[in-house]
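Structure file entry11.pdb (PDB, C-alpha atoms and all ligand atoms) follows.
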```pdb
ATOM      1  CA  MET A  14     -54.699-104.576 -85.957
ATOM      2  CA  ARG A  15     -51.466-106.356 -85.024
ATOM      3  CA  ILE A  16     -49.870-106.377 -81.598
ATOM      4  CA  LEU A  17     -46.433-107.743 -80.788
ATOM      5  CA  VAL A  18     -45.996-109.482 -77.418
ATOM      6  CA  ILE A  19     -42.386-109.901 -76.272
ATOM      7  CA  HIS A  20     -41.341-112.126 -73.389
ATOM      8  CA  GLY A  21     -37.790-111.591 -72.128
ATOM      9  CA  PRO A  22     -35.199-113.885 -70.577
ATOM     10  CA  ASN A  23     -36.102-116.872 -68.416
ATOM     11  CA  LEU A  24     -39.825-116.441 -69.008
ATOM     12  CA  ASN A  25     -39.625-119.693 -70.991
ATOM     13  CA  LEU A  26     -39.149-121.292 -67.546
ATOM     14  CA  LEU A  27     -42.458-120.081 -66.124
ATOM     15  CA  GLY A  28     -44.323-122.768 -64.214
ATOM     16  CA  GLU A  29     -41.119-124.256 -62.809
ATOM     17  CA  ARG A  30     -39.279-121.002 -61.994
ATOM     18  CA  GLN A  31     -40.029-119.603 -58.495
ATOM     19  CA  PRO A  32     -43.778-120.413 -58.628
ATOM     20  CA  ASP A  33     -44.213-118.561 -55.315
ATOM     21  CA  VAL A  34     -43.164-115.346 -57.123
ATOM     22  CA  TYR A  35     -44.289-115.919 -60.724
ATOM     23  CA  GLY A  36     -47.187-118.352 -60.323
ATOM     24  CA  LYS A  37     -47.818-121.804 -61.706
ATOM     25  CA  HIS A  38     -48.797-120.844 -65.244
ATOM     26  CA  LYS A  39     -46.466-121.861 -68.025
ATOM     27  CA  LEU A  40     -45.622-119.430 -70.809
ATOM     28  CA  ALA A  41     -47.836-121.451 -73.174
ATOM     29  CA  ASP A  42     -50.800-120.913 -70.774
ATOM     30  CA  ILE A  43     -50.212-117.142 -70.780
ATOM     31  CA  ASN A  44     -49.969-117.110 -74.567
ATOM     32  CA  ARG A  45     -53.208-119.106 -74.886
ATOM     33  CA  LEU A  46     -54.978-116.616 -72.631
ATOM     34  CA  LEU A  47     -53.624-113.645 -74.606
ATOM     35  CA  ARG A  48     -54.666-115.203 -77.918
ATOM     36  CA  ALA A  49     -58.181-115.750 -76.556
ATOM     37  CA  ASP A  50     -58.360-112.105 -75.367
ATOM     38  CA  ALA A  51     -57.028-110.901 -78.725
ATOM     39  CA  SER A  52     -59.397-112.951 -80.836
ATOM     40  CA  ARG A  53     -62.390-111.590 -78.889
ATOM     41  CA  GLU A  54     -61.173-108.103 -79.864
ATOM     42  CA  GLY A  55     -60.409-109.064 -83.475
ATOM     43  CA  VAL A  56     -56.699-108.397 -82.935
ATOM     44  CA  THR A  57     -53.827-110.434 -84.406
ATOM     45  CA  LEU A  58     -50.978-111.229 -82.025
ATOM     46  CA  ARG A  59     -47.387-112.091 -82.780
ATOM     47  CA  ILE A  60     -45.811-113.574 -79.660
ATOM     48  CA  VAL A  61     -42.054-114.035 -79.246
ATOM     49  CA  GLN A  62     -39.677-114.972 -76.418
ATOM     50  CA  SER A  63     -35.920-114.671 -76.230
ATOM     51  CA  ASN A  64     -33.198-114.948 -73.651
ATOM     52  CA  HIS A  65     -30.977-112.669 -75.763
ATOM     53  CA  GLU A  66     -30.950-108.883 -75.626
ATOM     54  CA  GLY A  67     -30.025-108.457 -79.317
ATOM     55  CA  ASP A  68     -32.951-110.642 -80.423
ATOM     56  CA  ILE A  69     -35.316-108.451 -78.442
ATOM     57  CA  VAL A  70     -33.832-105.311 -80.000
ATOM     58  CA  ASP A  71     -34.427-106.890 -83.450
ATOM     59  CA  PHE A  72     -38.037-107.844 -82.638
ATOM     60  CA  ILE A  73     -38.720-104.236 -81.613
ATOM     61  CA  GLY A  74     -37.023-102.851 -84.721
ATOM     62  CA  LYS A  75     -39.212-104.992 -86.981
ATOM     63  CA  ALA A  76     -42.360-103.900 -85.128
ATOM     64  CA  LYS A  77     -42.091-100.474 -86.745
ATOM     65  CA  LYS A  78     -43.684-101.842 -89.913
ATOM     66  CA  ALA A  79     -45.481-104.857 -88.493
ATOM     67  CA  ALA A  80     -47.319-103.826 -85.299
ATOM     68  CA  GLN A  81     -49.485-101.019 -83.970
ATOM     69  CA  ALA A  82     -48.512-101.624 -80.343
ATOM     70  CA  ILE A  83     -46.110-103.704 -78.249
ATOM     71  CA  VAL A  84     -46.662-105.508 -74.950
ATOM     72  CA  ILE A  85     -43.302-106.297 -73.401
ATOM     73  CA  ASN A  86     -42.114-108.106 -70.310
ATOM     74  CA  PRO A  87     -38.394-107.330 -70.527
ATOM     75  CA  ALA A  88     -37.806-109.541 -67.423
ATOM     76  CA  ALA A  89     -34.275-109.020 -66.034
ATOM     77  CA  TYR A  90     -33.427-106.642 -68.906
ATOM     78  CA  THR A  91     -35.952-104.238 -67.386
ATOM     79  CA  HIS A  92     -33.289-103.234 -64.912
ATOM     80  CA  THR A  93     -30.236-103.197 -67.179
ATOM     81  CA  SER A  94     -30.937-102.687 -70.865
ATOM     82  CA  VAL A  95     -30.249 -99.322 -72.452
ATOM     83  CA  ALA A  96     -30.352-101.153 -75.820
ATOM     84  CA  ILE A  97     -33.974-102.267 -75.381
ATOM     85  CA  ARG A  98     -34.969 -98.853 -74.102
ATOM     86  CA  ASP A  99     -33.361 -97.147 -77.122
ATOM     87  CA  ALA A 100     -35.010 -99.631 -79.509
ATOM     88  CA  ILE A 101     -38.480 -98.840 -78.126
ATOM     89  CA  GLU A 102     -37.822 -95.111 -78.309
ATOM     90  CA  ALA A 103     -36.442 -95.370 -81.862
ATOM     91  CA  CYS A 104     -39.216 -97.526 -83.318
ATOM     92  CA  GLY A 105     -41.979 -95.153 -82.225
ATOM     93  CA  VAL A 106     -44.531 -97.946 -81.729
ATOM     94  CA  PRO A 107     -46.371 -97.444 -78.410
ATOM     95  CA  ALA A 108     -45.313-100.018 -75.828
ATOM     96  CA  VAL A 109     -46.786-101.262 -72.556
ATOM     97  CA  GLU A 110     -44.423-102.806 -69.988
ATOM     98  CA  VAL A 111     -45.767-105.721 -67.954
ATOM     99  CA  HIS A 112     -44.486-107.740 -65.004
ATOM    100  CA  LEU A 113     -45.997-110.743 -63.296
ATOM    101  CA  SER A 114     -44.542-109.766 -59.921
ATOM    102  CA  ASN A 115     -44.700-106.368 -58.224
ATOM    103  CA  ILE A 116     -41.148-105.226 -58.962
ATOM    104  CA  TYR A 117     -41.477-102.415 -56.377
ATOM    105  CA  ALA A 118     -42.165-104.894 -53.567
ATOM    106  CA  ARG A 119     -39.009-106.910 -54.300
ATOM    107  CA  GLU A 120     -35.227-106.396 -54.100
ATOM    108  CA  LYS A 121     -34.064-102.802 -54.515
ATOM    109  CA  PHE A 122     -32.323-103.485 -57.840
ATOM    110  CA  ARG A 123     -35.724-104.378 -59.328
ATOM    111  CA  HIS A 124     -37.258-101.024 -58.362
ATOM    112  CA  THR A 125     -35.657 -99.289 -61.332
ATOM    113  CA  SER A 126     -36.987 -99.870 -64.823
ATOM    114  CA  LEU A 127     -34.891 -98.407 -67.632
ATOM    115  CA  ILE A 128     -37.728 -99.325 -69.972
ATOM    116  CA  ALA A 129     -40.754 -97.712 -68.266
ATOM    117  CA  PRO A 130     -39.907 -94.085 -69.220
ATOM    118  CA  VAL A 131     -40.174 -94.924 -72.934
ATOM    119  CA  CYS A 132     -43.398 -96.931 -72.520
ATOM    120  CA  ARG A 133     -46.924 -95.559 -72.408
ATOM    121  CA  GLY A 134     -47.370 -97.265 -69.047
ATOM    122  CA  GLN A 135     -46.544-100.198 -66.844
ATOM    123  CA  VAL A 136     -48.580-103.005 -65.230
ATOM    124  CA  SER A 137     -46.786-104.784 -62.406
ATOM    125  CA  GLY A 138     -47.821-107.306 -59.790
ATOM    126  CA  PHE A 139     -51.006-108.948 -61.016
ATOM    127  CA  GLY A 140     -49.585-112.245 -62.228
ATOM    128  CA  VAL A 141     -51.069-113.443 -65.496
ATOM    129  CA  MET A 142     -53.621-110.624 -65.247
ATOM    130  CA  SER A 143     -50.766-108.120 -65.795
ATOM    131  CA  TYR A 144     -50.519-109.438 -69.345
ATOM    132  CA  SER A 145     -54.296-109.255 -69.951
ATOM    133  CA  LEU A 146     -54.421-105.696 -68.617
ATOM    134  CA  GLY A 147     -51.335-104.782 -70.629
ATOM    135  CA  LEU A 148     -52.890-106.171 -73.798
ATOM    136  CA  GLN A 149     -56.128-104.300 -73.107
ATOM    137  CA  ALA A 150     -54.178-101.051 -72.718
ATOM    138  CA  ALA A 151     -52.159-101.735 -75.878
ATOM    139  CA  ILE A 152     -55.339-102.330 -77.906
ATOM    140  CA  ALA A 153     -56.916 -99.120 -76.580
ATOM    141  CA  ILE A 154     -53.772 -97.106 -77.385
ATOM    142  CA  ALA A 155     -53.507 -98.585 -80.894
ATOM    143  CA  ASN A 156     -57.207 -97.845 -81.562
ATOM    144  CA  GLU A 157     -56.801 -94.285 -80.345
ATOM    145  CA  ARG A 158     -53.774 -93.774 -82.627
ATOM    146  CA  LYS A 159     -55.644 -95.245 -85.584
ATOM    147  CA  LYS A 160     -58.493 -92.764 -85.052
ATOM    148  CA  GLN A 161     -56.104 -89.831 -84.712
ATOM    149  CA  ARG A 162     -54.262 -90.823 -87.893
ATOM    150  CA  ALA A 163     -57.510 -91.223 -89.834
ATOM    151  CA  GLY A 164     -58.586 -87.795 -88.528
ATOM    152  CA  SER A 165     -55.355 -86.093 -89.572
ATOM    153  CA  ARG A 166     -55.507 -87.727 -93.044
ATOM    154  CA  LYS A 167     -59.047 -86.372 -93.511
ATOM    155  CA  SER A 168     -58.135 -82.838 -92.415
ATOM    156  CA  SER A 169     -55.128 -82.711 -94.789
ATOM    157  CA  ARG A 170     -57.317 -83.598 -97.829
TER     158      ARG A 170
HETATM  159  C1  LIG B   1     -40.277-109.961 -64.080
HETATM  160  C2  LIG B   1     -39.575-109.181 -62.942
HETATM  161  C3  LIG B   1     -38.083-109.060 -63.208
HETATM  162  O1  LIG B   1     -37.460-108.364 -62.137
HETATM  163  C4  LIG B   1     -37.456-110.440 -63.302
HETATM  164  O2  LIG B   1     -36.084-110.339 -63.616
HETATM  165  C5  LIG B   1     -38.165-111.340 -64.247
HETATM  166  C6  LIG B   1     -39.618-111.306 -64.315
HETATM  167  C7  LIG B   1     -41.776-110.194 -63.784
HETATM  168  O3  LIG B   1     -42.499-110.515 -64.731
HETATM  169  O4  LIG B   1     -42.200-110.110 -62.637
HETATM  170  O5  LIG B   1     -37.551-112.175 -64.907
HETATM  171  O6  LIG B   1     -40.197-109.178 -65.262
END
```
Could you quickly redo this structure as structure tokens?
Amino acid sequence: MRILVIHGPNLNLLGERQPDVYGKHKLADINRLLRADASREGVTLRIVQSNHEGDIVDFIGKAKKAAQAIVINPAAYTHTSVAIRDAIEACGVPAVEVHLSNIYAREKFRHTSLIAPVCRGQVSGFGVMSYSLGLQAAIAIANERKKQRAGSRKSSR
């Protein structure tokens, strides 16, 4: 099973960027933790980060053939990007939205996610643990889908 993890803009600055809000972990620390979680579950991860909306749209588009689930922290694009929302909807791969901070406990403009309605769910406010929980959910969803697909193949034989 392959899962795509997407980190959005400015998450490359984790560790030095507002540590009081986002914690002291660097992006490399989060990725190490996710890879350890994934290898325990026998899952292959592809992890990408971009500060550019179009790159993120392209990553999602390619996931259609390459991944069974997506874990995405769209960062600031959460609140603005119709393009990322449409890409998730179009690719049909189940996605889980994650945030380090609790976006609902922050400025009003962060309370709206354009992405959440096209995701299977959202994890917000648990720091690095948001990613672990998001990955866990993504693996469970991908496994469930795999079973359903195997079941429908059998019944059509
Ligand atoms: C974030 C929350 C967003 O509002 C913000 O723009 C980010 C990070 C989070 O992980 O808490 O860049 O997605």
Taking only C-alpha atoms and all ligand atoms into account, which residues have an atom no farther than 7 Å from ligand LIG 1 (chain B)? I'd like them as a PDB file with C-alpha atoms, keeping the file's coordinate frame.
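pocket38.pdb was written with the following content:
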```
ATOM      1  CA  PRO A  22     -35.199-113.885 -70.577  1.00  0.00           C
ATOM      2  CA  ASN A  23     -36.102-116.872 -68.416  1.00  0.00           C
ATOM      3  CA  LEU A  24     -39.825-116.441 -69.008  1.00  0.00           C
ATOM      4  CA  TYR A  35     -44.289-115.919 -60.724  1.00  0.00           C
ATOM      5  CA  ASN A  86     -42.114-108.106 -70.310  1.00  0.00           C
ATOM      6  CA  PRO A  87     -38.394-107.330 -70.527  1.00  0.00           C
ATOM      7  CA  ALA A  88     -37.806-109.541 -67.423  1.00  0.00           C
ATOM      8  CA  ALA A  89     -34.275-109.020 -66.034  1.00  0.00           C
ATOM      9  CA  TYR A  90     -33.427-106.642 -68.906  1.00  0.00           C
ATOM     10  CA  THR A  91     -35.952-104.238 -67.386  1.00  0.00           C
ATOM     11  CA  VAL A 111     -45.767-105.721 -67.954  1.00  0.00           C
ATOM     12  CA  HIS A 112     -44.486-107.740 -65.004  1.00  0.00           C
ATOM     13  CA  LEU A 113     -45.997-110.743 -63.296  1.00  0.00           C
ATOM     14  CA  SER A 114     -44.542-109.766 -59.921  1.00  0.00           C
ATOM     15  CA  ASN A 115     -44.700-106.368 -58.224  1.00  0.00           C
ATOM     16  CA  ILE A 116     -41.148-105.226 -58.962  1.00  0.00           C
ATOM     17  CA  ARG A 123     -35.724-104.378 -59.328  1.00  0.00           C
ATOM     18  CA  GLY A 138     -47.821-107.306 -59.790  1.00  0.00           C
TER      19      GLY A 138
END
```
Result set, the PyMOL selection byres (((chain A and resi 80) around 12) and not hetatm) on current file, as a ChimeraX atom specification: /A:14-19,56-60,72-79,81-84,104-108,151-152,155,159
Between CA of Ser63 (chain A) and CA of Leu27 (chain A) - distance in Å to one decimal: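 Going from CA of Leu27 (chain A) over to CA of Ser63 (chain A), I get 13.2 Å.
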Expected selection from the PyMOL selection byres (((chain A and resi 41) around 12) and not hetatm), given as a list of chain:residue names: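 Taken on the displayed file, the PyMOL selection byres (((chain A and resi 41) around 12) and not hetatm) yields the residues A:His20, A:Leu24, A:Asn25, A:Leu26, A:Leu27, A:Gly28, A:Lys37, A:His38, A:Lys39, A:Leu40, A:Asp42, A:Ile43, A:Asn44, A:Arg45, A:Leu46, A:Leu47, A:Arg48, A:Ile60, A:Val61, A:Gln62, A:Val141.
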Atomic separation - CA of Val70 (chain A) relative to CA of Ile97 (chain A), Å: 5.5 Å
Kindly provide, as lines of an AutoDock Vina configuration file, the centre and edge lengths (Å, one decimal) of an axis-aligned box around all atoms of region 65-74 of chain A given in the file, with 6 Å on each side.
```
center_x = -34.4
center_y = -107.8
center_z = -80.2
size_x = 20.7
size_y = 21.8
size_z = 21.1
```
Atom-to-atom span, CA of Ala49 (chain A) and CA of Gln31 (chain A), Å: 25.9 Å
Distance query 7 Å from (-45.1, -102.4, -66.3) using all atoms listed in the file, result as a VMD selection string: chain A and resid 109 to 112 129 134 to 137
Which residue of A:Lys160, A:Ser52, A:Thr125, A:Gly21 approaches Asp68 (chain A) most closely, using all atoms listed in the file: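 Selected residue with least distance to Asp68 (chain A): A:Gly21.
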Counting only C-alpha atoms, the option among A:Ala150, A:Ile69, A:Cys132, A:Ala118 closest to Ser94 (chain A):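 Residue with the minimum atom-to-atom distance to Ser94 (chain A): A:Ile69.
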Given all atoms listed in the file as the counted atoms, nearest of A:Asp33, A:Ile101, A:Arg133, A:Ser126 to Ala153 (chain A):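 Among A:Asp33, A:Ile101, A:Arg133, A:Ser126, it is A:Arg133 that comes nearest to Ala153 (chain A).
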For Asp50 (chain A), the nearest of the candidates A:Ala100, A:Leu148, A:Ile154, A:Met142, counting only C-alpha atoms: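 Ranking A:Ala100, A:Leu148, A:Ile154, A:Met142 by distance to Asp50 (chain A), first place goes to A:Leu148.
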Which residue of A:Arg119, A:Leu146, A:Arg166, A:Ala103 approaches Asp71 (chain A) most closely, using only C-alpha atoms: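 Looking only at the distances to Asp71 (chain A), the closest residue turns out to be A:Ala103.
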